[in-house]
Amino acid sequence: MSAQEAFGTVLTAMVTPFTADGLKVDYDAAAQLASDLVDLGNNGLVINGTTGESATTDEHEKLELLKVVIDAVGNRAKVIAGAGSNDTAHSVLLAKDAEKAGAHGLLVVTPYYNKPPQAGILAHFHAVADAAELPVMVYDIPGRAGVPINSETLIKLSEHPRILANKDAKGDPWSASQVMSKCDLAYYSGDDTLNLALLSLGAVGVVSVTGHVVADRNRQIVEAVARNDVQAARAINNSLVPVVEGIMTRTQGAIMVKAALEMLGRAGGGAMRLPLVVATPEQREVLRADLRAGGFNL
């Protein structure tokens with residue numbers, strides 16, 4: 001199975017909707033949001049990732065949310081379960097639970113905060129990939145994890161039969177080029193600011209935050225690059241600059257994408273769980289201007 005078959009090519013890392021007080025997951029809103037996202041052009045969704053505020057949802061909530069999304073869109077898109085932890089045993093448990101729930105694949109972030117050596121990172125990913133019969137996308141984001149997955153480690157990980165892809169948020173296109181030239185690990189852009197850059201270097205898709213509102217244009221960029229239409233891809237990418245600025249560079253991405261969903265009248269917007277807080281009125285006004293500049297009628 002290719003990575004594209006396993007995970008899709010246009011994915012959004014889905015937010016987790018909460019009730020107005022932030023105390024409970026709003027599963028009805030989650031089902032509606034998942035359906036909206038597939039209708040918009042996503043052929044894959046990541047559930048219980050960082051954008052889904054996985055650090056502040058408990059095991060029951062994670063499992064129920066995954067089941068709800070699979071029921072809602074599992075026959076129309078790949079549903080990828082976040083199974084990341086800085087405790088390998090916990091990641092293994094999450095992977096097994098995701099498999100039982102019917103997830104199509106796993107997204108597994110580098111163990112964070114612990115700063116393990118590369119040998120520990122390699123062993124961690126192998127343990128999770130061995131725990132379930134699901135394809136695995138590793139997630140390289142040193143800015144959050146505190147440690148990168150070195151190129152040599154990524155090449156070694158590509159030898160595992162279930163580790164098919166890397167969600168790259170390292171911000172180092174040259175490193176991505178080196179790995180892609182030396183092994184068959186598929187790359188997905190995990191940084192909306194670098195989607196076109198990584199696709200042009202050989203990435204096969206994106207795992208996006210802005211895809212909550214612009215998955216249709218993300219799909220157009222992926223397809224334009226695949227047919228070598230650089231001019232079209234560049235034009236679409238230019239149209240997205242204000243949206244990416246508004247959601248990804250003003251403050252924390254989950255905060256702003258929930259504000260954008262609420263502003264557009266779509267499911268999934270609104271409450272956060274501490275330590276995240278909702279966008280301020282001032283931030284929302286800047287976001288409104290950014291979205292307007294990006295083609296939205298607000």
# chains A, B, ... in the order shown; residues from 1 in each chain; ligands from 1
$ select_by_dssp --residues "stretch 119-231 of chain A" --states "helix (DSSP H, G or I)" --output "short mmCIF file (atom, residue, chain, number, x, y, z; two decimals) with all heavy atoms, in the first residue's frame"
data_model
loop_
_atom_site.label_atom_id
_atom_site.label_comp_id
_atom_site.auth_asym_id
_atom_site.auth_seq_id
_atom_site.Cartn_x
_atom_site.Cartn_y
_atom_site.Cartn_z
N ALA A 119 18.53 6.86 19.24
CA ALA A 119 18.26 5.42 19.44
C ALA A 119 16.93 5.22 20.15
O ALA A 119 16.17 4.28 19.84
CB ALA A 119 19.39 4.78 20.24
N GLY A 120 16.61 6.09 21.11
CA GLY A 120 15.34 5.99 21.80
C GLY A 120 14.17 6.37 20.90
O GLY A 120 13.10 5.75 20.98
N ILE A 121 14.36 7.38 20.05
CA ILE A 121 13.32 7.77 19.10
C ILE A 121 13.02 6.62 18.14
O ILE A 121 11.86 6.28 17.88
CB ILE A 121 13.75 9.03 18.33
CG1 ILE A 121 13.78 10.23 19.28
CG2 ILE A 121 12.80 9.30 17.15
CD1 ILE A 121 14.38 11.48 18.68
N LEU A 122 14.07 6.00 17.63
CA LEU A 122 13.91 4.87 16.72
C LEU A 122 13.15 3.73 17.41
O LEU A 122 12.20 3.17 16.84
CB LEU A 122 15.28 4.39 16.24
CG LEU A 122 15.31 3.27 15.21
CD1 LEU A 122 14.76 3.74 13.87
CD2 LEU A 122 16.75 2.76 15.03
N ALA A 123 13.56 3.40 18.63
CA ALA A 123 12.91 2.31 19.36
C ALA A 123 11.45 2.64 19.67
O ALA A 123 10.58 1.75 19.63
CB ALA A 123 13.68 2.02 20.65
N HIS A 124 11.18 3.90 19.99
CA HIS A 124 9.80 4.32 20.28
C HIS A 124 8.90 4.08 19.07
O HIS A 124 7.83 3.45 19.19
CB HIS A 124 9.79 5.80 20.66
CG HIS A 124 8.43 6.40 20.83
ND1 HIS A 124 7.72 6.32 22.01
CD2 HIS A 124 7.63 7.07 19.95
CE1 HIS A 124 6.55 6.94 21.86
NE2 HIS A 124 6.47 7.40 20.62
N PHE A 125 9.30 4.57 17.91
CA PHE A 125 8.47 4.42 16.72
C PHE A 125 8.32 2.96 16.33
O PHE A 125 7.24 2.53 15.90
CB PHE A 125 9.04 5.23 15.56
CG PHE A 125 8.81 6.71 15.67
CD1 PHE A 125 9.87 7.59 15.65
CD2 PHE A 125 7.52 7.22 15.79
CE1 PHE A 125 9.66 8.96 15.74
CE2 PHE A 125 7.30 8.58 15.89
CZ PHE A 125 8.38 9.46 15.87
N HIS A 126 9.37 2.18 16.48
CA HIS A 126 9.27 0.75 16.17
C HIS A 126 8.27 0.07 17.09
O HIS A 126 7.48 -0.78 16.65
CB HIS A 126 10.64 0.09 16.28
CG HIS A 126 11.49 0.26 15.07
ND1 HIS A 126 12.79 -0.20 14.99
CD2 HIS A 126 11.25 0.84 13.87
CE1 HIS A 126 13.30 0.09 13.81
NE2 HIS A 126 12.38 0.71 13.11
N ALA A 127 8.31 0.42 18.37
CA ALA A 127 7.39 -0.21 19.33
C ALA A 127 5.94 0.09 18.97
O ALA A 127 5.08 -0.80 19.03
CB ALA A 127 7.70 0.27 20.75
N VAL A 128 5.66 1.34 18.60
CA VAL A 128 4.28 1.70 18.25
C VAL A 128 3.87 1.04 16.94
O VAL A 128 2.75 0.51 16.82
CB VAL A 128 4.13 3.23 18.16
CG1 VAL A 128 2.69 3.60 17.79
CG2 VAL A 128 4.51 3.89 19.48
N ALA A 129 4.76 1.03 15.95
CA ALA A 129 4.43 0.41 14.66
C ALA A 129 4.23 -1.09 14.80
O ALA A 129 3.45 -1.68 14.04
CB ALA A 129 5.53 0.70 13.65
N ASP A 130 4.90 -1.70 15.76
CA ASP A 130 4.75 -3.14 15.98
C ASP A 130 3.48 -3.48 16.77
O ASP A 130 3.07 -4.64 16.82
CB ASP A 130 5.95 -3.69 16.75
CG ASP A 130 7.22 -3.75 15.91
OD1 ASP A 130 7.11 -3.74 14.66
OD2 ASP A 130 8.32 -3.78 16.50
N ALA A 131 2.86 -2.47 17.38
CA ALA A 131 1.75 -2.73 18.30
C ALA A 131 0.41 -2.93 17.60
O ALA A 131 -0.51 -3.50 18.18
CB ALA A 131 1.61 -1.58 19.30
N PRO A 142 10.35 19.39 15.76
CA PRO A 142 11.26 19.68 16.87
C PRO A 142 10.91 20.92 17.67
O PRO A 142 11.23 21.01 18.86
CB PRO A 142 12.63 19.83 16.19
CG PRO A 142 12.33 20.05 14.74
CD PRO A 142 11.05 19.32 14.47
N GLY A 143 10.21 21.88 17.05
CA GLY A 143 9.83 23.07 17.79
C GLY A 143 8.90 22.77 18.95
O GLY A 143 8.89 23.50 19.95
N ARG A 144 8.11 21.72 18.84
CA ARG A 144 7.23 21.31 19.94
C ARG A 144 7.83 20.15 20.73
O ARG A 144 7.74 20.11 21.96
CB ARG A 144 5.86 20.87 19.41
CG ARG A 144 4.97 22.02 18.95
CD ARG A 144 3.61 21.48 18.52
NE ARG A 144 2.72 22.52 18.03
CZ ARG A 144 1.90 23.23 18.78
NH1 ARG A 144 1.86 23.03 20.08
NH2 ARG A 144 1.11 24.15 18.23
N ALA A 145 8.43 19.20 20.04
CA ALA A 145 8.94 18.01 20.71
C ALA A 145 10.22 18.27 21.48
O ALA A 145 10.52 17.57 22.45
CB ALA A 145 9.16 16.89 19.70
N SER A 151 17.90 12.91 10.02
CA SER A 151 17.72 12.30 8.69
C SER A 151 18.09 10.83 8.70
O SER A 151 17.39 10.00 8.11
CB SER A 151 18.57 13.05 7.66
OG SER A 151 18.13 14.38 7.52
N GLU A 152 19.19 10.50 9.37
CA GLU A 152 19.61 9.09 9.41
C GLU A 152 18.57 8.22 10.10
O GLU A 152 18.33 7.07 9.69
CB GLU A 152 20.95 8.97 10.15
CG GLU A 152 22.12 9.65 9.47
CD GLU A 152 22.14 11.17 9.71
OE1 GLU A 152 21.31 11.68 10.53
OE2 GLU A 152 22.95 11.85 9.06
N THR A 153 17.91 8.76 11.12
CA THR A 153 16.87 8.01 11.83
C THR A 153 15.64 7.83 10.94
O THR A 153 15.04 6.75 10.90
CB THR A 153 16.49 8.74 13.13
OG1 THR A 153 17.66 8.93 13.92
CG2 THR A 153 15.46 7.94 13.92
N LEU A 154 15.27 8.88 10.20
CA LEU A 154 14.13 8.77 9.28
C LEU A 154 14.40 7.71 8.22
O LEU A 154 13.50 6.93 7.86
CB LEU A 154 13.86 10.12 8.63
CG LEU A 154 13.20 11.17 9.54
CD1 LEU A 154 13.35 12.56 8.94
CD2 LEU A 154 11.73 10.84 9.77
N ILE A 155 15.60 7.65 7.71
CA ILE A 155 15.95 6.64 6.70
C ILE A 155 15.83 5.25 7.30
O ILE A 155 15.30 4.33 6.66
CB ILE A 155 17.35 6.92 6.13
CG1 ILE A 155 17.33 8.22 5.31
CG2 ILE A 155 17.83 5.75 5.28
CD1 ILE A 155 18.70 8.75 4.97
N LYS A 156 16.29 5.08 8.54
CA LYS A 156 16.15 3.78 9.20
C LYS A 156 14.68 3.43 9.43
O LYS A 156 14.25 2.29 9.27
CB LYS A 156 16.91 3.78 10.53
CG LYS A 156 18.43 3.79 10.38
CD LYS A 156 19.09 3.86 11.76
CE LYS A 156 20.60 3.93 11.63
NZ LYS A 156 21.25 4.09 12.97
N LEU A 157 13.87 4.44 9.82
CA LEU A 157 12.45 4.19 10.05
C LEU A 157 11.75 3.74 8.78
O LEU A 157 10.80 2.95 8.83
CB LEU A 157 11.79 5.46 10.59
CG LEU A 157 12.12 5.81 12.05
CD1 LEU A 157 11.62 7.20 12.39
CD2 LEU A 157 11.53 4.78 13.01
N PRO A 173 13.72 22.31 4.46
CA PRO A 173 13.48 21.65 3.18
C PRO A 173 14.68 20.86 2.67
O PRO A 173 14.49 19.84 1.99
CB PRO A 173 13.13 22.81 2.24
CG PRO A 173 12.57 23.85 3.15
CD PRO A 173 13.38 23.75 4.40
N TRP A 174 15.90 21.30 2.96
CA TRP A 174 17.07 20.57 2.50
C TRP A 174 17.13 19.19 3.15
O TRP A 174 17.42 18.19 2.47
CB TRP A 174 18.35 21.35 2.79
CG TRP A 174 19.60 20.59 2.46
CD1 TRP A 174 20.61 20.26 3.31
CD2 TRP A 174 20.00 20.06 1.19
NE1 TRP A 174 21.59 19.55 2.68
CE2 TRP A 174 21.25 19.43 1.37
CE3 TRP A 174 19.41 20.06 -0.07
CZ2 TRP A 174 21.92 18.79 0.31
CZ3 TRP A 174 20.08 19.43 -1.13
CH2 TRP A 174 21.31 18.81 -0.92
N SER A 175 16.86 19.11 4.44
CA SER A 175 16.83 17.82 5.12
C SER A 175 15.77 16.92 4.49
O SER A 175 15.99 15.72 4.29
CB SER A 175 16.54 18.01 6.61
OG SER A 175 16.36 16.76 7.26
N ALA A 176 14.60 17.49 4.17
CA ALA A 176 13.55 16.72 3.52
C ALA A 176 14.03 16.18 2.18
O ALA A 176 13.80 15.01 1.84
CB ALA A 176 12.31 17.58 3.32
N SER A 177 14.72 17.01 1.41
CA SER A 177 15.25 16.57 0.12
C SER A 177 16.22 15.42 0.29
O SER A 177 16.21 14.45 -0.48
CB SER A 177 15.94 17.73 -0.59
OG SER A 177 15.04 18.72 -0.96
N GLN A 178 17.09 15.53 1.28
CA GLN A 178 18.07 14.47 1.51
C GLN A 178 17.39 13.14 1.82
O GLN A 178 17.76 12.10 1.26
CB GLN A 178 18.98 14.87 2.68
CG GLN A 178 19.96 15.98 2.35
CD GLN A 178 20.79 16.35 3.57
OE1 GLN A 178 20.26 16.73 4.61
NE2 GLN A 178 22.11 16.26 3.43
N VAL A 179 16.39 13.18 2.71
CA VAL A 179 15.72 11.92 3.08
C VAL A 179 14.97 11.34 1.88
O VAL A 179 15.07 10.15 1.59
CB VAL A 179 14.78 12.14 4.27
CG1 VAL A 179 13.98 10.87 4.57
CG2 VAL A 179 15.57 12.57 5.51
N MET A 180 14.22 12.18 1.17
CA MET A 180 13.44 11.69 0.04
C MET A 180 14.34 11.12 -1.07
O MET A 180 13.93 10.22 -1.80
CB MET A 180 12.54 12.80 -0.51
CG MET A 180 11.31 13.05 0.34
SD MET A 180 10.13 14.22 -0.40
CE MET A 180 10.86 15.78 0.05
N SER A 181 15.56 11.63 -1.17
CA SER A 181 16.47 11.13 -2.21
C SER A 181 17.10 9.80 -1.85
O SER A 181 17.62 9.10 -2.74
CB SER A 181 17.57 12.16 -2.48
OG SER A 181 18.53 12.18 -1.42
N LYS A 182 17.04 9.43 -0.57
CA LYS A 182 17.77 8.25 -0.10
C LYS A 182 16.88 7.10 0.34
O LYS A 182 17.39 6.01 0.65
CB LYS A 182 18.69 8.65 1.05
CG LYS A 182 19.80 9.60 0.62
CD LYS A 182 20.64 10.06 1.80
CE LYS A 182 21.72 11.04 1.34
NZ LYS A 182 22.53 11.55 2.47
N ASP A 192 1.80 24.68 7.17
CA ASP A 192 1.07 25.36 6.10
C ASP A 192 1.90 26.43 5.40
O ASP A 192 1.63 26.76 4.24
CB ASP A 192 -0.22 25.97 6.65
CG ASP A 192 -1.35 24.95 6.77
OD1 ASP A 192 -1.63 24.26 5.78
OD2 ASP A 192 -1.93 24.84 7.86
N THR A 193 2.89 26.99 6.07
CA THR A 193 3.73 28.00 5.43
C THR A 193 4.66 27.39 4.38
O THR A 193 5.20 28.12 3.55
CB THR A 193 4.57 28.77 6.46
OG1 THR A 193 5.55 27.89 7.03
CG2 THR A 193 3.71 29.36 7.55
N LEU A 194 4.84 26.09 4.42
CA LEU A 194 5.78 25.42 3.51
C LEU A 194 5.11 24.38 2.61
O LEU A 194 5.80 23.57 1.99
CB LEU A 194 6.91 24.74 4.31
CG LEU A 194 7.90 25.68 5.00
CD1 LEU A 194 8.89 24.88 5.84
CD2 LEU A 194 8.63 26.54 3.99
N ASN A 195 3.79 24.42 2.50
CA ASN A 195 3.11 23.40 1.70
C ASN A 195 3.64 23.33 0.27
O ASN A 195 4.01 22.26 -0.22
CB ASN A 195 1.60 23.66 1.68
CG ASN A 195 0.91 23.27 2.97
OD1 ASN A 195 1.51 22.64 3.84
ND2 ASN A 195 -0.34 23.65 3.12
N LEU A 196 3.65 24.45 -0.42
CA LEU A 196 4.09 24.44 -1.81
C LEU A 196 5.57 24.07 -1.92
O LEU A 196 5.96 23.30 -2.81
CB LEU A 196 3.83 25.79 -2.48
CG LEU A 196 4.29 25.90 -3.94
CD1 LEU A 196 3.67 24.80 -4.80
CD2 LEU A 196 3.96 27.27 -4.50
N ALA A 197 6.37 24.58 -1.01
CA ALA A 197 7.80 24.28 -1.05
C ALA A 197 8.06 22.78 -0.93
O ALA A 197 8.83 22.20 -1.70
CB ALA A 197 8.53 25.04 0.05
N LEU A 198 7.41 22.14 0.03
CA LEU A 198 7.65 20.72 0.23
C LEU A 198 7.04 19.88 -0.88
O LEU A 198 7.63 18.87 -1.30
CB LEU A 198 7.13 20.29 1.60
CG LEU A 198 7.97 20.79 2.78
CD1 LEU A 198 7.25 20.54 4.11
CD2 LEU A 198 9.34 20.13 2.80
N LEU A 199 5.86 20.28 -1.36
CA LEU A 199 5.27 19.55 -2.49
C LEU A 199 6.18 19.63 -3.72
O LEU A 199 6.36 18.64 -4.44
CB LEU A 199 3.89 20.12 -2.82
CG LEU A 199 2.77 19.79 -1.82
CD1 LEU A 199 1.57 20.69 -2.07
CD2 LEU A 199 2.37 18.32 -1.91
N SER A 200 6.78 20.78 -3.93
CA SER A 200 7.65 20.94 -5.10
C SER A 200 8.90 20.09 -4.99
O SER A 200 9.50 19.72 -6.01
CB SER A 200 8.03 22.41 -5.28
OG SER A 200 8.91 22.84 -4.27
N LEU A 201 9.28 19.74 -3.77
CA LEU A 201 10.46 18.90 -3.55
C LEU A 201 10.14 17.41 -3.60
O LEU A 201 11.06 16.59 -3.59
CB LEU A 201 11.11 19.24 -2.21
CG LEU A 201 11.75 20.63 -2.10
CD1 LEU A 201 12.17 20.90 -0.67
CD2 LEU A 201 12.94 20.75 -3.04
N GLY A 211 -6.55 23.82 6.42
CA GLY A 211 -7.47 22.99 5.66
C GLY A 211 -8.88 22.96 6.21
O GLY A 211 -9.82 22.56 5.52
N HIS A 212 -9.05 23.40 7.46
CA HIS A 212 -10.41 23.55 7.99
C HIS A 212 -11.24 24.48 7.13
O HIS A 212 -12.47 24.35 7.05
CB HIS A 212 -10.37 24.12 9.42
CG HIS A 212 -10.00 23.13 10.47
ND1 HIS A 212 -8.69 22.87 10.82
CD2 HIS A 212 -10.76 22.33 11.26
CE1 HIS A 212 -8.66 21.97 11.79
NE2 HIS A 212 -9.91 21.62 12.07
N VAL A 213 -10.60 25.45 6.50
CA VAL A 213 -11.34 26.44 5.71
C VAL A 213 -10.91 26.50 4.25
O VAL A 213 -11.64 27.04 3.42
CB VAL A 213 -11.24 27.85 6.35
CG1 VAL A 213 -11.90 27.85 7.72
CG2 VAL A 213 -9.81 28.34 6.44
N VAL A 214 -9.73 25.93 3.91
CA VAL A 214 -9.25 26.03 2.52
C VAL A 214 -8.78 24.69 1.96
O VAL A 214 -7.91 24.63 1.12
CB VAL A 214 -8.11 27.08 2.39
CG1 VAL A 214 -8.64 28.48 2.66
CG2 VAL A 214 -6.93 26.74 3.30
N ALA A 215 -9.39 23.59 2.41
CA ALA A 215 -9.00 22.29 1.88
C ALA A 215 -9.20 22.22 0.37
O ALA A 215 -8.45 21.53 -0.32
CB ALA A 215 -9.79 21.18 2.56
N ASP A 216 -10.19 22.93 -0.14
CA ASP A 216 -10.42 22.92 -1.59
C ASP A 216 -9.21 23.47 -2.33
O ASP A 216 -8.75 22.91 -3.33
CB ASP A 216 -11.68 23.69 -1.94
CG ASP A 216 -11.77 25.07 -1.30
OD1 ASP A 216 -10.95 25.41 -0.39
OD2 ASP A 216 -12.70 25.83 -1.67
N ARG A 217 -8.64 24.56 -1.81
CA ARG A 217 -7.46 25.12 -2.45
C ARG A 217 -6.21 24.30 -2.17
O ARG A 217 -5.30 24.21 -3.03
CB ARG A 217 -7.28 26.59 -2.04
CG ARG A 217 -8.21 27.52 -2.80
CD ARG A 217 -7.97 28.98 -2.46
NE ARG A 217 -8.78 29.43 -1.34
CZ ARG A 217 -8.73 30.65 -0.81
NH1 ARG A 217 -7.88 31.55 -1.31
NH2 ARG A 217 -9.52 30.99 0.19
N ASN A 218 -6.12 23.69 -1.01
CA ASN A 218 -5.01 22.77 -0.76
C ASN A 218 -5.01 21.63 -1.78
O ASN A 218 -3.97 21.23 -2.30
CB ASN A 218 -5.10 22.19 0.65
CG ASN A 218 -4.66 23.17 1.72
OD1 ASN A 218 -4.04 24.20 1.44
ND2 ASN A 218 -4.98 22.87 2.97
N ARG A 219 -6.19 21.10 -2.03
CA ARG A 219 -6.32 20.03 -3.03
C ARG A 219 -5.86 20.52 -4.40
O ARG A 219 -5.16 19.81 -5.13
CB ARG A 219 -7.76 19.53 -3.09
CG ARG A 219 -8.02 18.52 -4.22
CD ARG A 219 -9.42 17.97 -4.16
NE ARG A 219 -9.55 17.06 -3.04
CZ ARG A 219 -9.14 15.80 -3.04
NH1 ARG A 219 -8.56 15.29 -4.12
NH2 ARG A 219 -9.30 15.03 -1.99
N GLN A 220 -6.24 21.75 -4.77
CA GLN A 220 -5.85 22.29 -6.07
C GLN A 220 -4.33 22.41 -6.19
O GLN A 220 -3.76 22.15 -7.25
CB GLN A 220 -6.51 23.65 -6.29
CG GLN A 220 -8.02 23.57 -6.50
CD GLN A 220 -8.69 24.93 -6.44
OE1 GLN A 220 -8.02 25.96 -6.36
NE2 GLN A 220 -10.01 24.94 -6.46
N ILE A 221 -3.68 22.80 -5.09
CA ILE A 221 -2.21 22.90 -5.12
C ILE A 221 -1.59 21.53 -5.29
O ILE A 221 -0.68 21.34 -6.10
CB ILE A 221 -1.68 23.58 -3.84
CG1 ILE A 221 -2.09 25.05 -3.81
CG2 ILE A 221 -0.16 23.47 -3.78
CD1 ILE A 221 -1.68 25.78 -2.55
N VAL A 222 -2.05 20.55 -4.50
CA VAL A 222 -1.52 19.19 -4.61
C VAL A 222 -1.68 18.67 -6.04
O VAL A 222 -0.74 18.09 -6.62
CB VAL A 222 -2.21 18.25 -3.60
CG1 VAL A 222 -1.84 16.79 -3.86
CG2 VAL A 222 -1.83 18.64 -2.17
N GLU A 223 -2.84 18.87 -6.62
CA GLU A 223 -3.10 18.38 -7.97
C GLU A 223 -2.30 19.14 -9.02
O GLU A 223 -1.81 18.55 -9.99
CB GLU A 223 -4.60 18.46 -8.27
CG GLU A 223 -5.42 17.48 -7.43
CD GLU A 223 -6.92 17.63 -7.61
OE1 GLU A 223 -7.35 18.64 -8.21
OE2 GLU A 223 -7.67 16.75 -7.12
N ALA A 224 -2.12 20.45 -8.82
CA ALA A 224 -1.34 21.24 -9.77
C ALA A 224 0.12 20.80 -9.77
O ALA A 224 0.74 20.67 -10.84
CB ALA A 224 -1.45 22.73 -9.44
N VAL A 225 0.68 20.57 -8.60
CA VAL A 225 2.07 20.11 -8.52
C VAL A 225 2.20 18.73 -9.16
O VAL A 225 3.16 18.45 -9.89
CB VAL A 225 2.56 20.10 -7.06
CG1 VAL A 225 3.94 19.43 -6.97
CG2 VAL A 225 2.63 21.51 -6.51
N ALA A 226 1.23 17.86 -8.92
CA ALA A 226 1.28 16.51 -9.48
C ALA A 226 1.29 16.52 -11.01
O ALA A 226 1.89 15.63 -11.64
CB ALA A 226 0.11 15.68 -8.97
N VAL A 230 3.35 24.44 -12.34
CA VAL A 230 3.92 25.28 -11.29
C VAL A 230 3.23 26.64 -11.23
O VAL A 230 2.99 27.18 -10.14
CB VAL A 230 5.43 25.46 -11.52
CG1 VAL A 230 6.03 26.40 -10.48
CG2 VAL A 230 6.14 24.12 -11.47
N GLN A 231 2.88 27.18 -12.37
CA GLN A 231 2.25 28.50 -12.40
C GLN A 231 0.91 28.48 -11.65
O GLN A 231 0.62 29.37 -10.86
CB GLN A 231 2.04 28.95 -13.85
CG GLN A 231 1.49 30.36 -13.98
CD GLN A 231 1.44 30.83 -15.43
OE1 GLN A 231 1.87 30.13 -16.34
NE2 GLN A 231 0.91 32.03 -15.64
#
$ residues_around --residues "A:Leu298" --least-positions-apart "6" --cutoff "10 Å" --atoms "only C-alpha atoms" --output "PDB file with all heavy atoms, in the first residue's frame"
ATOM      1  N   MET A 263     -16.391  32.291  12.963  1.00  0.00           N
ATOM      2  CA  MET A 263     -16.632  33.478  12.148  1.00  0.00           C
ATOM      3  C   MET A 263     -17.368  33.133  10.855  1.00  0.00           C
ATOM      4  O   MET A 263     -18.204  33.896  10.367  1.00  0.00           O
ATOM      5  CB  MET A 263     -15.280  34.121  11.832  1.00  0.00           C
ATOM      6  CG  MET A 263     -15.305  35.581  11.494  1.00  0.00           C
ATOM      7  SD  MET A 263     -13.598  36.195  11.397  1.00  0.00           S
ATOM      8  CE  MET A 263     -13.132  36.173  13.121  1.00  0.00           C
ATOM      9  N   LEU A 264     -17.052  31.951  10.310  1.00  0.00           N
ATOM     10  CA  LEU A 264     -17.664  31.511   9.064  1.00  0.00           C
ATOM     11  C   LEU A 264     -18.978  30.763   9.288  1.00  0.00           C
ATOM     12  O   LEU A 264     -19.596  30.295   8.329  1.00  0.00           O
ATOM     13  CB  LEU A 264     -16.683  30.623   8.292  1.00  0.00           C
ATOM     14  CG  LEU A 264     -15.429  31.336   7.770  1.00  0.00           C
ATOM     15  CD1 LEU A 264     -14.378  30.320   7.319  1.00  0.00           C
ATOM     16  CD2 LEU A 264     -15.782  32.282   6.630  1.00  0.00           C
ATOM     17  N   ARG A 288     -10.359  38.486  10.765  1.00  0.00           N
ATOM     18  CA  ARG A 288     -11.414  38.798   9.802  1.00  0.00           C
ATOM     19  C   ARG A 288     -10.821  39.490   8.567  1.00  0.00           C
ATOM     20  O   ARG A 288     -11.157  39.144   7.429  1.00  0.00           O
ATOM     21  CB  ARG A 288     -12.470  39.690  10.444  1.00  0.00           C
ATOM     22  CG  ARG A 288     -13.685  39.978   9.553  1.00  0.00           C
ATOM     23  CD  ARG A 288     -14.685  40.880  10.273  1.00  0.00           C
ATOM     24  NE  ARG A 288     -15.175  40.275  11.494  1.00  0.00           N
ATOM     25  CZ  ARG A 288     -16.187  39.418  11.549  1.00  0.00           C
ATOM     26  NH1 ARG A 288     -16.819  39.067  10.430  1.00  0.00           N
ATOM     27  NH2 ARG A 288     -16.574  38.914  12.704  1.00  0.00           N
ATOM     28  N   ALA A 289      -9.907  40.416   8.790  1.00  0.00           N
ATOM     29  CA  ALA A 289      -9.261  41.102   7.668  1.00  0.00           C
ATOM     30  C   ALA A 289      -8.405  40.135   6.860  1.00  0.00           C
ATOM     31  O   ALA A 289      -8.377  40.185   5.616  1.00  0.00           O
ATOM     32  CB  ALA A 289      -8.412  42.258   8.195  1.00  0.00           C
ATOM     33  N   LEU A 291      -8.870  36.868   6.522  1.00  0.00           N
ATOM     34  CA  LEU A 291      -9.757  35.983   5.749  1.00  0.00           C
ATOM     35  C   LEU A 291     -10.362  36.697   4.560  1.00  0.00           C
ATOM     36  O   LEU A 291     -10.475  36.123   3.471  1.00  0.00           O
ATOM     37  CB  LEU A 291     -10.846  35.415   6.657  1.00  0.00           C
ATOM     38  CG  LEU A 291     -10.383  34.437   7.752  1.00  0.00           C
ATOM     39  CD1 LEU A 291     -11.556  34.054   8.659  1.00  0.00           C
ATOM     40  CD2 LEU A 291      -9.751  33.195   7.153  1.00  0.00           C
ATOM     41  N   ARG A 292     -10.735  37.951   4.744  1.00  0.00           N
ATOM     42  CA  ARG A 292     -11.246  38.728   3.618  1.00  0.00           C
ATOM     43  C   ARG A 292     -10.186  38.849   2.523  1.00  0.00           C
ATOM     44  O   ARG A 292     -10.484  38.680   1.332  1.00  0.00           O
ATOM     45  CB  ARG A 292     -11.676  40.115   4.079  1.00  0.00           C
ATOM     46  CG  ARG A 292     -13.010  40.144   4.827  1.00  0.00           C
ATOM     47  CD  ARG A 292     -13.274  41.519   5.401  1.00  0.00           C
ATOM     48  NE  ARG A 292     -14.599  41.609   6.005  1.00  0.00           N
ATOM     49  CZ  ARG A 292     -14.965  42.548   6.863  1.00  0.00           C
ATOM     50  NH1 ARG A 292     -14.100  43.489   7.230  1.00  0.00           N
ATOM     51  NH2 ARG A 292     -16.191  42.568   7.370  1.00  0.00           N
TER      52      ARG A 292
END
$ select_by_dssp --residues "stretch 23-269 of chain A" --states "strand (DSSP E or B)" --output "ChimeraX atom specification"
/A:25,44-47,78-82,105-109,136-140,163-168,186-189,205-208
$ residues_around --residues "A:Ala72" --least-positions-apart "6" --cutoff "8 Å" --atoms "only C-alpha atoms" --output "MDAnalysis selection string"
chainID A and resid 31:32 34:35
$ write_last_selection --atoms "C-alpha atoms" --output "PDB file, in the first residue's frame"
ATOM      1  CA  ALA A  31     -19.447  14.612  13.392  1.00  0.00           C
ATOM      2  CA  GLN A  32     -20.747  17.656  11.527  1.00  0.00           C
ATOM      3  CA  ALA A  34     -15.793  15.956   9.941  1.00  0.00           C
ATOM      4  CA  SER A  35     -18.499  15.755   7.279  1.00  0.00           C
TER       5      SER A  35
END
$ residues_around --residues "A:Gly270" --least-positions-apart "2" --cutoff "12 Å" --atoms "only C-alpha atoms" --output "PyMOL selection string"
chain A and resi 15-22+25-26+29+254-268+272-273+276-280+284
$ residues_around --residues "A:Asp191" --least-positions-apart "2" --cutoff "10 Å" --atoms "only C-alpha atoms" --output "ChimeraX atom specification"
/A:141,167-171,188-189,193-196,198,206-210,244,248
$ residues_around --residues "stretch 67-69 of chain A" --least-positions-apart "6" --cutoff "8 Å" --atoms "only C-alpha atoms" --output "PyMOL selection string"
chain A and resi 27+30-31+34+79+101-102
$ atom_distance --atom1 "atom CA of A:Ala203" --atom2 "atom CA of A:Ala186"
6.6 Å
$ residues_around --residues "A:Thr50" --least-positions-apart "3" --cutoff "10 Å" --atoms "only C-alpha atoms" --output "VMD selection string"
chain A and resid 13 to 16 46 to 47 53 to 56 82 84 109 144 253 to 254
